[in-house]
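Chemist: Starting off with a structure, shown below.
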Amino acid sequence: MRARAVLGPLLALAVLAATADRADAQALQATLDTRRDAMPRGKRSWQETWLVPETGPAAPDASQVTKFGGRVSAYQDGDRERLELRAAKGDELDDPVIVVSDGDDYWLVTRVGATPLSESARAADPWLALVLAGPPGEAPAHRAVPAPGGGVAAVVLRAPAHADFDSDDAFAMRLPQGGSGLVRGGLSQFSPGSGGAVTTAAGTRGVDQVRTANGTVSVTPDPAAVSWMEAQRVSPAALEQFRLEERLSPYDALPVEAGT
Amino acid sequence: MSARRILRPVAAALLALAAPAPAEAQIFDRIRDRAEQVLDTAEKVGAAVVPISTEQEIEIGRGVAATVAGHYTLDRDSMLTRYVNLVGNAVASADPRPDVVYRFAVLDSDEVNAFAAPGGYVFVTRGALALMEDEAMLAGVLAHEVAHVNQRDVIEEIQSRARTELGVREAAERVDITGEAYLEQAIGLGANALFMGLSREDELEADSIGMRMATDTGYDRSGIERFIESLDDHSDEESLSLLEKTHPDPDDRLEAVREAMRRIPAERAGKVVAAERFRRHVPTGGS
């Protein structure tokens, strides 16, 4: 009797969870099918900056959606597509979520391989769902994304990027082992020379004599200055705020009345 | 495939065909030994011009940066350095090298100059900041330096000078690019390249690429143009003597920059000048 009392609700929850998972997967699959069909052919790349409300899932209007929420880099060639999503996490950017379409299906790509996206744990990721529901081809430089329950969920600023990427790398179904993952401009884990921010463990050496256009001079190298310089890093969040203040790209696409 | 792998079987076949008599065998042996030495040297010199990896570039860059900071003095004003880093990283993100972290710093010197060491270590002097009136000018100068990093101009100069200055034999002996001797040599050549000047083509190209990067970031495209004009205006001053010796004539630079400006469609031209923000962070600017 007691066991039935405990197991009954648990079973019901499990059935509910499975139903919800199936619903998420079905909804995502429908989104992916629509996206695949709507994607224009051709080689292109673009980057989206996502702004989100300061608090909560929606704001009453777009002018109140000014907090940096993350960045999406897209690479498309023919019927294939790669999306790199990096959400803001404090002052930094979170590890990238990488989605690749081979023209038929969308896959979540990790260092251990690829999983069908609709069957992965990311199927229920609300930001990923909004990104995938966005326009896969031409889009305005500035658009507001309506929240499912009303209001504005996000403001998206899209800017074109260089399309000279290597398609073999972009649409590979496995990330290379090692390296520190994406750091800056996207596709960096495929860059030559190990990818990511390479830092060397070796000591900073200098030379004690240099030839200048004004003659040879003696120098006392200053390795401590280099260490100090390396410690002055600015965070991604600080850089976004700095751009936003003066409406540097991509914030030049914001309407004039949008708050800063 | 290496030269040795191609040539060794050919040499062996020729020697076998010659079928020397015993007295001639020693001569053939010596010829073969000499050929081996030549192949060794050719292989090492070939390796000496193989592209330097990002890790090696950064290690060389740190050494060059330590030398630049030792030649001048690093300005440890954290707020000013943060500002310069924000402007520099903003322009660098217009066309980033994803394998490099860009770092920017100010040199406490009245000399007017800016330097880009390999691996993303960029310096601008207080003397150069004093000539600037707004952030667009600073963005133009930093973007010029970022272009040198992205084009690997100093690394290519190191490789070129290694060949011409060290000569074939010495370059071959120093071909172990992980070794201390080579690293020190590469740092020395890199520092020399910065202080002696890069090629005229590299400088004009960095002006054009940098101007595009600054514009793509949203800055007014006239930033680097106005900075070069101000160099021209102060050309008789001692503080510009090194810069004048290491860069093309300002008139030539202006011509190249204006040509590149004409190629930017009006709708893509940035508009941000940010004079007020610049003055807030660089009160000595525009002097």
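Identifiers in this document derive from the order of the structure tokens: chains are assigned A, B, ..., residues are numbered from 1 separately in each chain, and ligands are numbered from 1 in order of occurrence.
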Quick check: residues of chain B within 8 Å of chain A, only C-alpha atoms, returned as an NGL selection string.

Modeler: :B and (53-55 or 58-59 or 62-71 or 74 or 78 or 81-82 or 85-86 or 89-90 or 93 or 96-101 or 103-105 or 184 or 187-188 or 191-192 or 195-197 or 216-219 or 242 or 245-246 or 272 or 274)

Chemist: How about saving the chosen residues, C-alpha atoms kept, as an mmCIF file, in the first residue's frame?

Modeler:
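selection-v2.cif was written with the following content:
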```
data_model
loop_
_atom_site.group_PDB
_atom_site.id
_atom_site.type_symbol
_atom_site.label_atom_id
_atom_site.label_comp_id
_atom_site.auth_asym_id
_atom_site.auth_seq_id
_atom_site.Cartn_x
_atom_site.Cartn_y
_atom_site.Cartn_z
ATOM 1 C CA SER B 53 53.542 28.078 -35.119
ATOM 2 C CA THR B 54 51.226 30.242 -33.049
ATOM 3 C CA GLU B 55 52.806 28.970 -29.824
ATOM 4 C CA ILE B 58 53.587 34.074 -28.934
ATOM 5 C CA GLU B 59 56.802 33.074 -27.213
ATOM 6 C CA ARG B 62 56.622 37.930 -25.365
ATOM 7 C CA GLY B 63 60.359 38.307 -25.751
ATOM 8 C CA VAL B 64 60.007 41.163 -28.227
ATOM 9 C CA ALA B 65 57.445 42.811 -25.926
ATOM 10 C CA ALA B 66 59.825 42.495 -22.956
ATOM 11 C CA THR B 67 62.510 44.156 -25.062
ATOM 12 C CA VAL B 68 60.200 47.009 -26.171
ATOM 13 C CA ALA B 69 59.028 47.536 -22.574
ATOM 14 C CA GLY B 70 62.657 47.522 -21.462
ATOM 15 C CA HIS B 71 63.743 50.000 -24.104
ATOM 16 C CA LEU B 74 55.630 50.618 -19.504
ATOM 17 C CA SER B 78 45.517 50.749 -15.075
ATOM 18 C CA THR B 81 45.574 50.752 -20.134
ATOM 19 C CA ARG B 82 42.035 49.400 -19.716
ATOM 20 C CA ASN B 85 42.563 47.630 -24.350
ATOM 21 C CA LEU B 86 38.848 48.268 -24.869
ATOM 22 C CA ASN B 89 39.923 44.773 -28.682
ATOM 23 C CA ALA B 90 36.897 46.454 -30.231
ATOM 24 C CA SER B 93 37.164 41.880 -33.174
ATOM 25 C CA PRO B 96 40.147 38.639 -35.300
ATOM 26 C CA ARG B 97 42.834 36.043 -35.446
ATOM 27 C CA PRO B 98 41.104 33.477 -33.254
ATOM 28 C CA ASP B 99 44.375 31.924 -32.118
ATOM 29 C CA VAL B 100 45.650 35.164 -30.625
ATOM 30 C CA VAL B 101 44.728 37.195 -27.550
ATOM 31 C CA ARG B 103 46.951 42.869 -25.413
ATOM 32 C CA PHE B 104 47.453 46.595 -25.518
ATOM 33 C CA ALA B 105 49.621 48.842 -23.365
ATOM 34 C CA GLU B 184 66.870 34.394 -28.645
ATOM 35 C CA ILE B 187 63.471 37.667 -30.562
ATOM 36 C CA GLY B 188 66.488 39.779 -31.505
ATOM 37 C CA ALA B 191 62.957 43.542 -32.016
ATOM 38 C CA ASN B 192 65.325 44.792 -34.715
ATOM 39 C CA PHE B 195 62.986 49.393 -34.414
ATOM 40 C CA MET B 196 64.457 49.335 -37.933
ATOM 41 C CA GLY B 197 61.069 49.316 -39.613
ATOM 42 C CA ASP B 216 33.846 47.934 -39.652
ATOM 43 C CA THR B 217 33.904 48.513 -35.886
ATOM 44 C CA GLY B 218 31.857 51.653 -36.421
ATOM 45 C CA TYR B 219 34.563 54.318 -36.119
ATOM 46 C CA LEU B 242 62.303 57.153 -35.220
ATOM 47 C CA LYS B 245 62.763 56.638 -40.327
ATOM 48 C CA THR B 246 60.709 53.451 -39.985
ATOM 49 C CA VAL B 272 31.755 57.180 -34.225
ATOM 50 C CA ALA B 274 33.960 59.594 -29.440
#
```

Chemist: Would you list the contacts of Ser167 (chain A) as a PDB file with N, CA and C atoms, in the first residue's frame, taking every protein, DNA or RNA residue within 9 Å and counting only C-alpha atoms, but skipping same-chain residues closer than 4 positions in sequence?

Modeler:
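Final file, part-v6.pdb:
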```pdb
ATOM      1  N   TYR A  75      27.590  29.921 -39.944  1.00  0.00           N
ATOM      2  CA  TYR A  75      28.359  29.659 -41.159  1.00  0.00           C
ATOM      3  C   TYR A  75      27.484  28.778 -42.040  1.00  0.00           C
ATOM      4  N   GLN A  76      27.242  29.208 -43.265  1.00  0.00           N
ATOM      5  CA  GLN A  76      26.373  28.440 -44.161  1.00  0.00           C
ATOM      6  C   GLN A  76      27.064  28.250 -45.505  1.00  0.00           C
ATOM      7  N   ASP A  77      26.888  27.080 -46.070  1.00  0.00           N
ATOM      8  CA  ASP A  77      27.437  26.800 -47.400  1.00  0.00           C
ATOM      9  C   ASP A  77      26.548  25.747 -48.045  1.00  0.00           C
ATOM     10  N   PHE A 171      31.889  22.188 -41.030  1.00  0.00           N
ATOM     11  CA  PHE A 171      30.801  21.222 -40.972  1.00  0.00           C
ATOM     12  C   PHE A 171      31.271  19.838 -40.508  1.00  0.00           C
ATOM     13  N   ALA A 172      32.440  19.803 -39.883  1.00  0.00           N
ATOM     14  CA  ALA A 172      32.937  18.546 -39.306  1.00  0.00           C
ATOM     15  C   ALA A 172      32.016  18.127 -38.162  1.00  0.00           C
TER      16      ALA A 172
END
```

Chemist: Would you pick out the contacts of region 43-47 of chain A at 10 Å or less, using only C-alpha atoms, so that residues sharing its chain but fewer than 5 positions from it are not included, and give the list as a PyMOL selection string?

Modeler: chain A and resi 71-85+137+156-165+167+185-186+250

Chemist: Residues of region 11-109 of chain A classed as strand (DSSP E) by DSSP on the backbone are to be reported as a ChimeraX atom specification.

Modeler: /A:44-52,67-77,80-89,92-93,97-101,106-109

Chemist: Could you work out how far CA of Leu80 (chain B) lies from CA of Thr125 (chain B), giving the answer in Å with one decimal?

Modeler: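 Going from CA of Thr125 (chain B) over to CA of Leu80 (chain B), I get 11.8 Å.
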
Chemist: Check the DSSP output for the backbone and give back, as number ranges by chain, the residues of region 76-230 of chain B in helix (DSSP H, G or I).

Modeler: B: 78-92, 118-120, 126-131, 135-150, 153-173, 180-196, 200-217, 223-230

Chemist: I need the residue nearest Arg280 (chain B) from this list: B:Met79, B:Ile158, B:Val124, B:Leu204. Use only C-alpha atoms for the distance.

Modeler: B:Met79

Chemist: May I ask which of the residues B:Gly286, B:Gly61, B:Gly210, B:Pro118 is the closest one to Val149 (chain B), counting only C-alpha atoms?

Modeler: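 The closest residue to Val149 (chain B) is B:Pro118.
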
Chemist: To one decimal in Å, tell me the separation between CA of Met137 (chain B) and CA of Glu267 (chain B).

Modeler: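 Rounded to one decimal, the two atoms are 20.4 Å apart.
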
Chemist: Rank B:Val91, B:Glu57, B:Arg76, B:Ala162 by their smallest atom-to-atom distance to Tyr121 (chain B), using only C-alpha atoms, and report the top residue only.

Modeler: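 Closest residue, counting only C-alpha atoms: B:Glu57.
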